>>> print(open('query17.cif').read())   # mmCIF, C-alpha atoms and all ligand atoms
data_coords
loop_
_atom_site.label_atom_id
_atom_site.label_comp_id
_atom_site.auth_asym_id
_atom_site.auth_seq_id
_atom_site.Cartn_x
_atom_site.Cartn_y
_atom_site.Cartn_z
CA MET A 1 -106.13 -83.87 -61.30
CA ARG A 2 -106.14 -87.21 -63.16
CA GLY A 3 -103.06 -88.55 -65.01
CA SER A 4 -101.95 -86.18 -67.74
CA ARG A 5 -103.26 -88.04 -70.85
CA GLY A 6 -106.97 -88.01 -71.60
CA LYS A 7 -107.71 -85.04 -69.37
CA HIS A 8 -110.76 -83.08 -70.35
CA LEU A 9 -110.57 -79.32 -70.94
CA VAL A 10 -113.91 -77.55 -71.25
CA LEU A 11 -114.13 -74.00 -72.56
CA VAL A 12 -117.38 -72.30 -71.63
CA GLY A 13 -118.15 -69.56 -74.15
CA GLY A 14 -116.12 -68.98 -77.29
CA GLY A 15 -115.62 -65.28 -76.61
CA HIS A 16 -112.87 -62.77 -77.29
CA ALA A 17 -110.51 -64.03 -74.55
CA HIS A 18 -110.61 -67.63 -75.81
CA MET A 19 -109.68 -66.88 -79.43
CA THR A 20 -106.02 -67.93 -79.17
CA THR A 21 -106.93 -71.10 -77.28
CA LEU A 22 -109.56 -71.92 -79.91
CA LYS A 23 -107.17 -71.28 -82.78
CA ARG A 24 -104.52 -73.46 -81.19
CA LEU A 25 -106.86 -76.14 -79.92
CA ASP A 26 -104.93 -78.74 -81.90
CA THR A 27 -102.00 -78.29 -79.48
CA PHE A 28 -104.21 -79.59 -76.67
CA VAL A 29 -105.43 -82.46 -78.81
CA LYS A 30 -101.86 -83.37 -79.86
CA ASN A 31 -100.95 -83.47 -76.17
CA GLY A 32 -103.63 -86.11 -75.65
CA TYR A 33 -106.27 -83.89 -74.03
CA ARG A 34 -109.95 -83.92 -74.90
CA VAL A 35 -111.38 -80.50 -75.54
CA THR A 36 -115.05 -79.49 -75.46
CA VAL A 37 -116.32 -76.00 -76.15
CA ILE A 38 -119.83 -75.02 -75.03
CA GLY A 39 -121.68 -72.04 -76.48
CA PRO A 40 -125.27 -70.99 -77.18
CA SER A 41 -124.51 -70.29 -80.85
CA PRO A 42 -122.09 -71.78 -83.40
CA TYR A 43 -120.88 -68.20 -83.89
CA HIS A 44 -119.28 -65.54 -81.76
CA TYR A 45 -119.79 -61.92 -82.86
CA TYR A 46 -117.05 -59.32 -82.43
CA SER A 47 -118.70 -56.51 -80.47
CA GLY A 48 -116.32 -53.80 -81.72
CA MET A 49 -117.91 -54.11 -85.17
CA GLY A 50 -121.46 -54.67 -83.87
CA PRO A 51 -122.71 -51.11 -84.43
CA GLY A 52 -121.31 -51.30 -87.99
CA VAL A 53 -123.37 -54.42 -88.61
CA LEU A 54 -126.48 -52.59 -87.45
CA SER A 55 -125.89 -49.79 -89.95
CA GLY A 56 -124.97 -52.17 -92.75
CA ILE A 57 -121.32 -51.03 -93.01
CA TYR A 58 -120.41 -54.68 -92.45
CA ARG A 59 -122.10 -57.95 -93.39
CA PRO A 60 -122.70 -60.35 -90.46
CA GLN A 61 -120.14 -62.74 -91.99
CA GLU A 62 -117.45 -60.08 -91.62
CA VAL A 63 -117.87 -59.69 -87.87
CA ARG A 64 -118.26 -63.22 -86.57
CA PHE A 65 -116.15 -66.26 -85.84
CA HIS A 66 -117.45 -69.71 -86.67
CA VAL A 67 -116.49 -71.13 -83.29
CA LYS A 68 -118.07 -74.55 -83.89
CA LYS A 69 -116.08 -75.08 -87.09
CA MET A 70 -112.91 -73.70 -85.52
CA VAL A 71 -113.22 -76.25 -82.73
CA GLU A 72 -114.18 -79.26 -84.85
CA ASP A 73 -111.49 -78.59 -87.49
CA ARG A 74 -108.91 -78.80 -84.69
CA GLY A 75 -110.14 -82.04 -83.16
CA GLY A 76 -112.34 -80.68 -80.37
CA SER A 77 -116.08 -81.12 -79.76
CA PHE A 78 -118.58 -78.30 -79.82
CA VAL A 79 -121.71 -78.53 -77.67
CA LEU A 80 -124.51 -76.12 -78.52
CA GLY A 81 -125.91 -74.95 -75.21
CA SER A 82 -125.61 -72.68 -72.20
CA VAL A 83 -123.95 -73.57 -68.93
CA VAL A 84 -126.28 -72.73 -66.03
CA ARG A 85 -124.33 -74.13 -63.09
CA VAL A 86 -120.82 -75.07 -62.11
CA ASP A 87 -120.25 -77.74 -59.47
CA PRO A 88 -116.60 -77.15 -58.61
CA GLU A 89 -116.43 -79.89 -55.96
CA ASN A 90 -117.46 -82.61 -58.41
CA ARG A 91 -116.00 -80.79 -61.44
CA ARG A 92 -119.19 -80.85 -63.43
CA LEU A 93 -120.98 -78.29 -65.56
CA SER A 94 -124.77 -78.32 -65.95
CA LEU A 95 -126.35 -77.08 -69.15
CA SER A 96 -129.83 -75.60 -69.57
CA SER A 97 -130.73 -78.75 -71.53
CA GLY A 98 -130.11 -80.82 -68.39
CA GLU A 99 -126.92 -82.34 -69.82
CA GLU A 100 -123.95 -82.58 -67.45
CA ILE A 101 -120.37 -82.30 -68.62
CA PRO A 102 -117.43 -83.28 -66.40
CA TYR A 103 -114.10 -81.47 -66.66
CA ASP A 104 -110.55 -81.67 -65.38
CA ALA A 105 -109.93 -78.02 -66.18
CA SER A 106 -112.33 -75.38 -67.43
CA SER A 107 -112.13 -71.81 -68.62
CA PHE A 108 -114.98 -69.31 -68.72
CA ASN A 109 -115.45 -66.57 -71.28
CA VAL A 110 -119.18 -66.10 -70.93
CA GLY A 111 -119.13 -62.32 -71.12
CA SER A 112 -121.69 -59.89 -69.85
CA HIS A 113 -125.29 -58.93 -70.46
CA VAL A 114 -127.42 -55.81 -70.25
CA PRO A 115 -129.25 -56.11 -66.93
CA LEU A 116 -133.00 -56.08 -67.41
CA ASP A 117 -134.00 -54.31 -64.27
CA PRO A 118 -136.61 -52.84 -64.66
CA LEU A 119 -137.79 -55.85 -66.60
CA PRO A 120 -139.18 -54.89 -69.98
CA GLU A 121 -142.11 -57.02 -70.99
CA ALA A 122 -142.18 -55.05 -74.14
CA GLU A 123 -142.25 -55.70 -77.84
CA ASN A 124 -139.74 -54.05 -80.16
CA VAL A 125 -137.21 -53.65 -77.37
CA PHE A 126 -133.72 -55.06 -77.76
CA THR A 127 -130.66 -55.12 -75.54
CA VAL A 128 -127.38 -54.33 -77.34
CA LYS A 129 -125.92 -57.64 -76.13
CA PRO A 130 -125.81 -60.30 -77.45
CA ILE A 131 -124.64 -58.61 -80.65
CA GLU A 132 -127.02 -60.87 -82.64
CA ASN A 133 -129.81 -58.62 -81.26
CA LEU A 134 -128.53 -55.81 -83.46
CA LEU A 135 -129.37 -57.88 -86.52
CA LYS A 136 -132.90 -58.41 -85.25
CA ALA A 137 -133.25 -54.68 -84.52
CA GLN A 138 -131.93 -53.84 -87.99
CA LYS A 139 -134.60 -56.01 -89.62
CA MET A 140 -137.33 -54.35 -87.59
CA ILE A 141 -136.05 -50.82 -88.26
CA LEU A 142 -136.06 -51.59 -91.99
CA ASN A 143 -139.69 -52.71 -91.70
CA PHE A 144 -140.62 -49.51 -89.88
CA ILE A 145 -138.91 -47.12 -92.29
CA ARG A 146 -140.58 -48.77 -95.28
CA SER A 147 -143.95 -47.57 -94.04
CA GLY A 148 -143.29 -44.27 -92.27
CA LYS A 149 -141.08 -42.18 -90.03
CA PRO A 150 -140.63 -44.23 -86.87
CA LYS A 151 -139.49 -43.00 -83.50
CA LEU A 152 -136.34 -44.92 -82.55
CA VAL A 153 -134.87 -44.61 -79.09
CA VAL A 154 -131.56 -45.68 -77.63
CA VAL A 155 -131.36 -45.83 -73.83
CA GLY A 156 -127.91 -45.40 -72.30
CA GLY A 157 -125.29 -42.69 -72.60
CA GLY A 158 -122.12 -44.77 -72.73
CA PRO A 159 -119.96 -45.58 -75.76
CA SER A 160 -122.30 -48.28 -77.05
CA GLY A 161 -125.32 -45.96 -76.78
CA LEU A 162 -123.42 -43.37 -78.79
CA GLU A 163 -122.30 -45.86 -81.45
CA ILE A 164 -125.73 -47.45 -81.75
CA THR A 165 -127.43 -44.06 -82.17
CA GLY A 166 -125.00 -42.94 -84.87
CA ASN A 167 -125.31 -46.22 -86.69
CA ILE A 168 -129.12 -46.28 -86.63
CA TRP A 169 -128.88 -42.89 -88.37
CA ARG A 170 -126.60 -44.45 -90.99
CA LEU A 171 -128.99 -47.35 -91.56
CA VAL A 172 -131.91 -44.99 -92.11
CA GLN A 173 -129.85 -42.71 -94.40
CA ASN A 174 -128.62 -45.62 -96.48
CA HIS A 175 -132.21 -46.51 -97.25
CA GLY A 176 -133.15 -42.94 -98.17
CA SER A 177 -135.69 -42.90 -95.34
CA GLU A 178 -136.51 -40.82 -92.32
CA ALA A 179 -136.76 -41.54 -88.61
CA GLN A 180 -136.87 -39.61 -85.40
CA ILE A 181 -133.83 -40.85 -83.48
CA SER A 182 -133.27 -40.05 -79.80
CA LEU A 183 -130.66 -41.00 -77.27
CA LEU A 184 -131.82 -41.03 -73.64
CA ALA A 185 -128.37 -40.56 -72.16
CA GLY A 186 -129.02 -40.88 -68.42
CA PRO A 187 -127.48 -38.06 -66.34
CA LYS A 188 -124.96 -37.10 -69.05
CA LEU A 189 -123.63 -38.51 -72.33
CA LEU A 190 -120.21 -40.19 -71.88
CA SER A 191 -119.98 -38.99 -68.29
CA ASN A 192 -116.88 -41.13 -67.60
CA PHE A 193 -114.87 -39.65 -70.46
CA PRO A 194 -112.88 -36.43 -70.87
CA GLU A 195 -114.95 -33.36 -71.76
CA LYS A 196 -113.48 -33.25 -75.28
CA VAL A 197 -114.75 -36.76 -76.10
CA ARG A 198 -118.17 -35.74 -74.86
CA ARG A 199 -118.18 -32.53 -76.86
CA LEU A 200 -117.13 -34.25 -80.09
CA ALA A 201 -119.86 -36.85 -79.61
CA MET A 202 -122.53 -34.20 -78.88
CA GLU A 203 -121.49 -32.15 -81.93
CA SER A 204 -121.57 -35.18 -84.19
CA LEU A 205 -125.07 -36.20 -83.11
CA ALA A 206 -126.45 -32.63 -83.13
CA ALA A 207 -125.10 -31.96 -86.64
CA ARG A 208 -127.26 -34.84 -87.87
CA GLY A 209 -130.37 -33.73 -86.03
CA LEU A 210 -130.20 -36.58 -83.54
CA GLU A 211 -131.76 -35.75 -80.22
CA VAL A 212 -129.73 -36.30 -77.04
CA VAL A 213 -131.75 -36.13 -73.83
CA GLU A 214 -129.64 -35.76 -70.70
CA GLY A 215 -130.65 -35.65 -67.04
CA VAL A 216 -133.22 -38.41 -67.44
CA HIS A 217 -133.47 -41.75 -65.75
CA VAL A 218 -135.64 -44.44 -67.29
CA SER A 219 -137.54 -46.30 -64.59
CA GLN A 220 -139.62 -48.58 -66.78
CA ILE A 221 -139.64 -49.91 -70.29
CA GLU A 222 -143.01 -50.76 -71.79
CA SER A 223 -144.35 -51.62 -75.22
CA GLY A 224 -144.16 -48.38 -77.15
CA GLY A 225 -142.77 -46.22 -74.38
CA ALA A 226 -140.27 -45.64 -71.60
CA VAL A 227 -141.43 -44.23 -68.30
CA LEU A 228 -138.99 -41.71 -66.85
CA GLU A 229 -138.29 -41.36 -63.15
CA ASP A 230 -140.25 -38.09 -62.98
CA GLY A 231 -143.32 -39.88 -64.36
CA ARG A 232 -143.07 -38.58 -67.92
CA GLU A 233 -143.50 -41.08 -70.72
CA TYR A 234 -141.24 -41.21 -73.75
CA ARG A 235 -142.98 -42.88 -76.71
CA TYR A 236 -141.13 -44.97 -79.31
CA ASP A 237 -141.66 -47.57 -82.00
CA LEU A 238 -138.43 -49.38 -81.19
CA ALA A 239 -135.94 -49.12 -78.34
CA LEU A 240 -132.40 -50.38 -77.96
CA LEU A 241 -131.13 -50.71 -74.40
CA ALA A 242 -127.47 -49.86 -73.79
CA TRP A 243 -127.68 -48.89 -70.14
CA GLY A 244 -124.60 -50.78 -68.97
CA ILE A 245 -123.51 -54.36 -68.59
CA LYS A 246 -123.04 -56.91 -65.83
CA PRO A 247 -120.99 -60.10 -65.83
CA SER A 248 -122.81 -63.39 -66.36
CA GLU A 249 -124.69 -64.52 -63.25
CA LEU A 250 -123.38 -68.07 -63.63
CA PHE A 251 -120.77 -67.73 -60.88
CA LEU A 252 -123.02 -66.20 -58.25
CA GLN A 253 -125.65 -68.84 -58.98
CA SER A 254 -123.01 -71.55 -58.61
CA GLY A 255 -121.71 -70.22 -55.30
CA LEU A 256 -118.22 -69.62 -56.70
CA PRO A 257 -116.07 -66.82 -55.26
CA THR A 258 -116.95 -63.64 -57.12
CA GLY A 259 -116.04 -59.98 -57.03
CA GLU A 260 -118.50 -57.24 -56.10
CA ASP A 261 -119.94 -57.20 -59.62
CA GLY A 262 -120.60 -60.96 -59.60
CA GLY A 263 -117.72 -61.76 -61.95
CA LEU A 264 -115.61 -64.87 -61.30
CA LEU A 265 -112.91 -63.77 -58.85
CA VAL A 266 -109.54 -64.61 -60.39
CA ASN A 267 -105.93 -64.17 -59.33
CA GLU A 268 -103.00 -62.91 -61.41
CA HIS A 269 -103.01 -66.21 -63.37
CA LEU A 270 -106.65 -65.60 -64.43
CA GLN A 271 -107.41 -68.57 -62.19
CA SER A 272 -110.27 -68.88 -59.70
CA VAL A 273 -109.05 -67.90 -56.25
CA ASN A 274 -110.49 -71.12 -54.77
CA TYR A 275 -110.41 -73.65 -57.57
CA PRO A 276 -107.06 -73.86 -59.41
CA GLU A 277 -108.57 -75.86 -62.28
CA LEU A 278 -110.98 -73.00 -63.15
CA PHE A 279 -109.92 -70.03 -65.28
CA GLY A 280 -111.64 -67.12 -66.93
CA GLY A 281 -111.23 -64.05 -69.10
CA GLY A 282 -113.09 -61.11 -70.59
CA ASP A 283 -116.12 -59.36 -69.13
CA CYS A 284 -117.12 -62.31 -66.91
CA ILE A 285 -114.17 -62.09 -64.52
CA ASN A 286 -113.29 -59.88 -61.61
CA PHE A 287 -109.52 -59.48 -61.43
CA ARG A 288 -108.69 -59.57 -57.71
CA GLY A 289 -107.43 -56.25 -56.39
CA HIS A 290 -107.72 -54.54 -59.78
CA PRO A 291 -111.22 -54.82 -61.31
CA LEU A 292 -111.01 -54.11 -65.03
CA ASN A 293 -113.29 -51.98 -67.17
CA LYS A 294 -115.63 -54.04 -69.33
CA VAL A 295 -113.88 -53.44 -72.62
CA GLY A 296 -112.88 -55.99 -75.21
CA VAL A 297 -109.28 -54.77 -75.08
CA HIS A 298 -108.68 -56.58 -71.78
CA ALA A 299 -110.21 -59.79 -73.14
CA VAL A 300 -107.95 -59.61 -76.18
CA ARG A 301 -104.86 -59.05 -74.03
CA GLN A 302 -105.75 -62.06 -71.84
CA ASN A 303 -105.66 -64.47 -74.80
CA PRO A 304 -102.02 -65.64 -74.66
CA ILE A 305 -102.06 -65.96 -70.87
CA LEU A 306 -105.18 -68.12 -70.85
CA TYR A 307 -103.81 -70.31 -73.64
CA HIS A 308 -100.50 -70.81 -71.84
CA ASN A 309 -102.04 -71.33 -68.39
CA LEU A 310 -104.59 -73.88 -69.57
CA LEU A 311 -101.84 -75.95 -71.20
CA ALA A 312 -99.65 -75.53 -68.13
CA THR A 313 -102.43 -76.55 -65.76
CA LEU A 314 -103.18 -79.71 -67.71
CA GLY A 315 -99.49 -80.58 -68.08
CA GLY A 316 -98.23 -79.47 -64.68
CA GLY A 317 -96.24 -76.49 -66.00
CA LYS A 318 -95.58 -73.03 -64.61
CA LEU A 319 -98.35 -70.47 -64.88
CA GLN A 320 -97.89 -67.01 -66.42
CA ILE A 321 -99.02 -63.76 -64.87
CA PHE A 322 -101.50 -61.37 -66.47
CA LYS A 323 -100.43 -57.78 -65.91
CA PRO A 324 -103.43 -55.47 -66.24
CA ASN A 325 -102.81 -52.25 -68.10
CA ASP A 326 -105.42 -49.53 -67.80
CA THR A 327 -104.05 -47.60 -70.76
CA TYR A 328 -105.81 -48.53 -73.96
CA LEU A 329 -107.18 -47.03 -77.13
CA LEU A 330 -110.89 -46.69 -77.78
CA LEU A 331 -112.33 -45.70 -81.14
CA PHE A 332 -116.03 -44.91 -81.34
CA ASN A 333 -117.73 -45.55 -84.67
CA LEU A 334 -120.05 -42.55 -85.16
CA GLY A 335 -121.83 -44.09 -88.16
CA ASP A 336 -121.11 -41.19 -90.54
CA GLY A 337 -117.76 -42.48 -91.77
CA LYS A 338 -116.03 -40.85 -88.80
CA ALA A 339 -114.86 -42.02 -85.40
CA ILE A 340 -113.68 -40.53 -82.14
CA TYR A 341 -110.16 -41.53 -81.09
CA TRP A 342 -109.45 -41.58 -77.34
CA ARG A 343 -106.26 -42.75 -75.65
CA LYS A 344 -105.20 -41.15 -72.37
CA ASP A 345 -105.16 -37.41 -73.07
CA ARG A 346 -105.22 -37.72 -76.88
CA VAL A 347 -108.66 -37.10 -78.32
CA TRP A 348 -109.59 -36.35 -81.92
CA ALA A 349 -112.32 -37.20 -84.38
CA GLY A 350 -112.65 -37.57 -88.11
CA GLY A 351 -112.65 -39.86 -91.12
CA LEU A 352 -109.09 -40.96 -90.48
CA ALA A 353 -110.04 -42.22 -87.03
CA PHE A 354 -112.69 -44.44 -88.63
CA VAL A 355 -110.20 -45.68 -91.25
CA PHE A 356 -107.88 -46.60 -88.38
CA LYS A 357 -110.67 -48.33 -86.43
CA ASN A 358 -111.73 -50.27 -89.50
CA TYR A 359 -108.11 -51.32 -90.10
CA LEU A 360 -107.59 -52.51 -86.50
CA ASP A 361 -110.95 -54.32 -86.35
CA LYS A 362 -110.37 -56.10 -89.66
CA LYS A 363 -106.84 -57.04 -88.58
CA PHE A 364 -108.25 -58.68 -85.45
CA MET A 365 -110.88 -60.50 -87.50
CA ARG A 366 -108.33 -61.74 -90.07
CA LYS A 367 -106.24 -63.22 -87.26
CA PHE A 368 -109.03 -65.42 -85.94
CA GLN A 369 -111.42 -65.88 -88.88
CA VAL A 370 -109.80 -69.16 -89.86
CA SER A 371 -112.97 -71.10 -90.69
CA GLY A 372 -114.08 -69.66 -94.03
CA GLU A 373 -116.43 -67.14 -92.43
CA LEU A 374 -116.14 -64.57 -95.23
CA SER A 375 -117.32 -66.99 -97.90
CA GLU A 376 -120.43 -68.03 -95.97
CA GLN A 377 -123.84 -67.00 -97.32
C1 LIG A 401 -122.30 -52.32 -79.02
C2 LIG A 401 -121.00 -52.57 -78.31
C3 LIG A 401 -119.82 -52.11 -78.86
C4 LIG A 401 -118.61 -52.33 -78.19
N1 LIG A 401 -117.45 -51.86 -78.76
C5 LIG A 401 -116.29 -52.06 -78.13
C6 LIG A 401 -115.07 -51.60 -78.72
O1 LIG A 401 -115.06 -51.00 -79.80
N2 LIG A 401 -113.91 -51.84 -78.05
C7 LIG A 401 -113.88 -52.49 -76.84
O2 LIG A 401 -112.81 -52.69 -76.29
N3 LIG A 401 -115.02 -52.96 -76.27
C8 LIG A 401 -116.22 -52.76 -76.88
N4 LIG A 401 -117.37 -53.21 -76.29
C9 LIG A 401 -117.28 -53.94 -75.03
C10 LIG A 401 -117.17 -55.40 -75.36
O3 LIG A 401 -118.42 -55.87 -75.81
C11 LIG A 401 -116.89 -56.36 -74.24
O4 LIG A 401 -115.90 -55.91 -73.40
C12 LIG A 401 -116.47 -57.71 -74.90
O5 LIG A 401 -117.56 -58.21 -75.64
C13 LIG A 401 -116.07 -58.71 -73.88
O6 LIG A 401 -115.80 -59.91 -74.53
P1 LIG A 401 -116.15 -61.30 -73.87
O7 LIG A 401 -115.63 -62.31 -74.80
O8 LIG A 401 -115.71 -61.32 -72.46
O9 LIG A 401 -117.74 -61.36 -73.79
P2 LIG A 401 -118.83 -61.52 -74.92
O10 LIG A 401 -118.45 -60.78 -76.14
O11 LIG A 401 -120.12 -61.18 -74.24
O12 LIG A 401 -118.82 -63.09 -75.28
C14 LIG A 401 -119.29 -64.07 -74.40
C15 LIG A 401 -119.50 -65.36 -75.14
O13 LIG A 401 -119.95 -66.34 -74.23
C16 LIG A 401 -121.12 -66.99 -74.70
N5 LIG A 401 -121.92 -67.33 -73.52
C17 LIG A 401 -122.62 -66.46 -72.75
N6 LIG A 401 -123.23 -67.14 -71.74
C18 LIG A 401 -122.89 -68.43 -71.87
C19 LIG A 401 -123.19 -69.62 -71.10
N7 LIG A 401 -123.96 -69.58 -70.02
N8 LIG A 401 -122.68 -70.80 -71.51
C20 LIG A 401 -121.88 -70.84 -72.61
N9 LIG A 401 -121.56 -69.77 -73.34
C21 LIG A 401 -122.05 -68.58 -72.99
C22 LIG A 401 -121.77 -65.96 -75.61
O14 LIG A 401 -122.59 -66.57 -76.57
C23 LIG A 401 -120.56 -65.27 -76.23
O15 LIG A 401 -120.13 -65.94 -77.37
C24 LIG A 401 -118.59 -53.00 -76.94
C25 LIG A 401 -119.81 -53.46 -76.39
C26 LIG A 401 -120.99 -53.25 -77.06
C27 LIG A 401 -122.28 -53.76 -76.44
#
>>> encode(input="query17.cif", output="structure tokens")
Amino acid sequence: MRGSRGKHLVLVGGGHAHMTTLKRLDTFVKNGYRVTVIGPSPYHYYSGMGPGVLSGIYRPQEVRFHVKKMVEDRGGSFVLGSVVRVDPENRRLSLSSGEEIPYDASSFNVGSHVPLDPLPEAENVFTVKPIENLLKAQKMILNFIRSGKPKLVVVGGGPSGLEITGNIWRLVQNHGSEAQISLLAGPKLLSNFPEKVRRLAMESLAARGLEVVEGVHVSQIESGGAVLEDGREYRYDLALLAWGIKPSELFLQSGLPTGEDGGLLVNEHLQSVNYPELFGGGDCINFRGHPLNKVGVHAVRQNPILYHNLLATLGGGKLQIFKPNDTYLLLFNLGDGKAIYWRKDRVWAGGLAFVFKNYLDKKFMRKFQVSGELSEQ
């Protein structure tokens, strides 16, 4: 690495794991480093509150970070764009615009996406990531319910499928309208969770007349309908796809060492196993020897380690170790003012669980919404 002063740190993606580094970017600048942050939008949306944005519980301003402003206010540069290739030998990043950006150290927090295989060439079909899609879907659902009783389908029986279904219901209710809402849950709703979580979710959806279809596998998404594996067709006016997520393909495409899922393979310092000047956090990494579930909790916990290790790498200091912890709390927003609480063997549901979720989510937002987000129009 070049002499300490003037080194260039590039953060790719202003996601959940980079929040501390973004908030303390001025420390890097004061140390004489140049910092550039690259992202496809000036904003980063907090996924934990995404379903609540869809239903209208939250305004978009309440659930996003103005990453561009955060960076520029602290003396860094923000480049609007997407990184499509990393050249680790020459330490250069290529953007989709064709621009090339050199780095001395770089950290990736480019997240995950809903894999589009089968590839839907369909109208009125949205993936649940990026979270901005939920705003587009909301607008379209509002158009549909103004003129009739649309058929709205969510594909995917994981936590986001559950939350999205419950929150579509809330959106429709809030507008005094009607819709036929179905969740195509794959083999089984919440199959990776304890039976009690599953039961509470089923009861909540059934009590509101929301259809849950289990034992189905969608093999194709088309305009107006999903084709199931057994050949049946399931018609809809709008579909939201929540059938799982995969890390960004950036690392595989760049020939970097990856884990089985294609995530950047990192060691206990959240550092690429081959390139010590590359780091990563959140859904886009594969933690060597201990792959982590794709939940925001891990990204949040990685924040202080990434911040410390990036400073240490630039300045020649000692790196800290990230200790993965598979025990965490999940709270599912059911859209009816209630949530399901799940942590190890503790499972319960109710209004209080939603109050708690809302409190924790807003606390996280307050910590990193330092760029006047709430007063934006
Ligand atoms: C609807 C929904 C609800 C969820 N609720 C919860 C919850 O309550 N609790 C929980 O723990 N987890 C939840 N999750 C899981 C959670 O979304 C992920 O674990 C979390 O988003 C991971 O954060 P991340 O910062 O790694 O990735 P992301 O949130 O995906 O952020 C990645 C960032 O990188 C940017 N980016 C992407 N590609 C590029 C590129 N090529 N170049 C530059 N920038 C790029 C993106 O614009 C984005 O800002 C939920 C997921 C969904 C879909």
>>> closest_residue(input="query17.cif", among="A:Phe287, A:Phe108, A:Tyr46, A:Tyr328", to="Arg64 in chain A", atoms="all atoms listed in the file")
A:Tyr46
>>> atom_distance(input="query17.cif", atom1="CA of Gly337 in chain A", atom2="CA of Gly350 in chain A")
8.0 Å
>>> residues_around(input="query17.cif", residues="Gly176 in chain A", least_positions_apart="3", cutoff="12 Å", atoms="all atoms listed in the file", output="PyMOL selection string")
chain A and resi 142+145-146+148-149+169-173+179
>>> atom_distance(input="query17.cif", atom1="CA of Ile305 in chain A", atom2="CA of His18 in chain A")
10.0 Å
>>> atom_distance(input="query17.cif", atom1="CA of Ser82 in chain A", atom2="CA of Gln138 in chain A")
25.4 Å
>>> closest_residue(input="query17.cif", among="A:Thr127, A:Ser107, A:Ser77, A:Ser254", to="Ala242 in chain A", atoms="all atoms listed in the file")
A:Thr127
>>> closest_residue(input="query17.cif", among="A:Lys367, A:Arg208, A:Lys323, A:Lys294", to="ligand LIG 401 (chain A)", atoms="all atoms listed in the file")
A:Lys294
>>> closest_residue(input="query17.cif", among="A:Val86, A:Val154, A:Leu331, A:Val218", to="ligand LIG 401 (chain A)", atoms="only C-alpha atoms and all ligand atoms")
A:Leu331
>>> residues_around(input="query17.cif", residues="range 262-268 of chain A", least_positions_apart="4", cutoff="8 Å", atoms="all atoms listed in the file", output="PyMOL selection string")
chain A and resi 246-249+251-252+256-258+272-273+279-280+283-288+321-323
>>> residues_near_point(input="query17.cif", point="(-103.4, -61.8, -76.6)", cutoff="12 Å", atoms="all atoms listed in the file", output="PyMOL selection string")
chain A and resi 16-21+23+281-282+296-308+322-323+364+367-368
>>> closest_residue(input="query17.cif", among="A:Gly255, A:Gly157, A:Gly224, A:Gly215", to="Ser191 in chain A", atoms="only C-alpha atoms")
A:Gly157
>>> closest_residue(input="query17.cif", among="A:Pro102, A:Pro51, A:Pro42, A:Gly231", to="ligand LIG 401 (chain A)", atoms="all atoms listed in the file")
A:Pro51
>>> residues_around(input="query17.cif", residues="Met49 in chain A", least_positions_apart="5", cutoff="8 Å", atoms="only C-alpha atoms", output="PyMOL selection string")
chain A and resi 58+63+361
>>> residues_around(input="query17.cif", residues="Lys68 in chain A", least_positions_apart="2", cutoff="10 Å", atoms="only C-alpha atoms", output="PyMOL selection string")
chain A and resi 14+22+37-39+41-44+65-66+70-73+76-80+371
>>> residues_near_point(input="query17.cif", point="(-117.2, -61.9, -92.5)", cutoff="8 Å", atoms="only C-alpha atoms", output="list in words")
Tyr58, Arg59, Pro60, Gln61, Glu62, Val63, Arg64, Gln369, Glu373, Leu374, Ser375 and Glu376 of chain A
>>> axis_aligned_box(input="query17.cif", around="range 225-228 of chain A", padding_each_side="4 Å", output="lines of an AutoDock Vina configuration file")
center_x = -140.9
center_y = -44.0
center_z = -70.6
size_x = 11.8
size_y = 12.5
size_z = 15.5
>>> build_atoms(input="query17.cif", residues="range 276-283 of chain A", atoms="N, CA and C atoms", output="PDB file, in the frame of the given file")
ATOM      1  N   PRO A 276    -108.165 -74.087 -58.459  1.00  0.00           N
ATOM      2  CA  PRO A 276    -107.060 -73.860 -59.410  1.00  0.00           C
ATOM      3  C   PRO A 276    -107.305 -74.428 -60.799  1.00  0.00           C
ATOM      4  N   GLU A 277    -108.302 -75.293 -60.950  1.00  0.00           N
ATOM      5  CA  GLU A 277    -108.570 -75.860 -62.280  1.00  0.00           C
ATOM      6  C   GLU A 277    -109.579 -75.011 -63.064  1.00  0.00           C
ATOM      7  N   LEU A 278    -110.037 -73.886 -62.454  1.00  0.00           N
ATOM      8  CA  LEU A 278    -110.980 -73.000 -63.150  1.00  0.00           C
ATOM      9  C   LEU A 278    -110.298 -71.688 -63.524  1.00  0.00           C
ATOM     10  N   PHE A 279    -110.509 -71.276 -64.774  1.00  0.00           N
ATOM     11  CA  PHE A 279    -109.920 -70.030 -65.280  1.00  0.00           C
ATOM     12  C   PHE A 279    -111.009 -69.180 -65.913  1.00  0.00           C
ATOM     13  N   GLY A 280    -110.660 -67.960 -66.238  1.00  0.00           N
ATOM     14  CA  GLY A 280    -111.640 -67.120 -66.930  1.00  0.00           C
ATOM     15  C   GLY A 280    -111.003 -65.883 -67.506  1.00  0.00           C
ATOM     16  N   GLY A 281    -111.709 -65.290 -68.481  1.00  0.00           N
ATOM     17  CA  GLY A 281    -111.230 -64.050 -69.100  1.00  0.00           C
ATOM     18  C   GLY A 281    -112.387 -63.231 -69.637  1.00  0.00           C
ATOM     19  N   GLY A 282    -112.079 -61.993 -69.986  1.00  0.00           N
ATOM     20  CA  GLY A 282    -113.090 -61.110 -70.590  1.00  0.00           C
ATOM     21  C   GLY A 282    -113.997 -60.476 -69.547  1.00  0.00           C
ATOM     22  N   ASP A 283    -115.191 -60.112 -69.988  1.00  0.00           N
ATOM     23  CA  ASP A 283    -116.120 -59.360 -69.130  1.00  0.00           C
ATOM     24  C   ASP A 283    -116.619 -60.161 -67.940  1.00  0.00           C
TER      25      ASP A 283
END
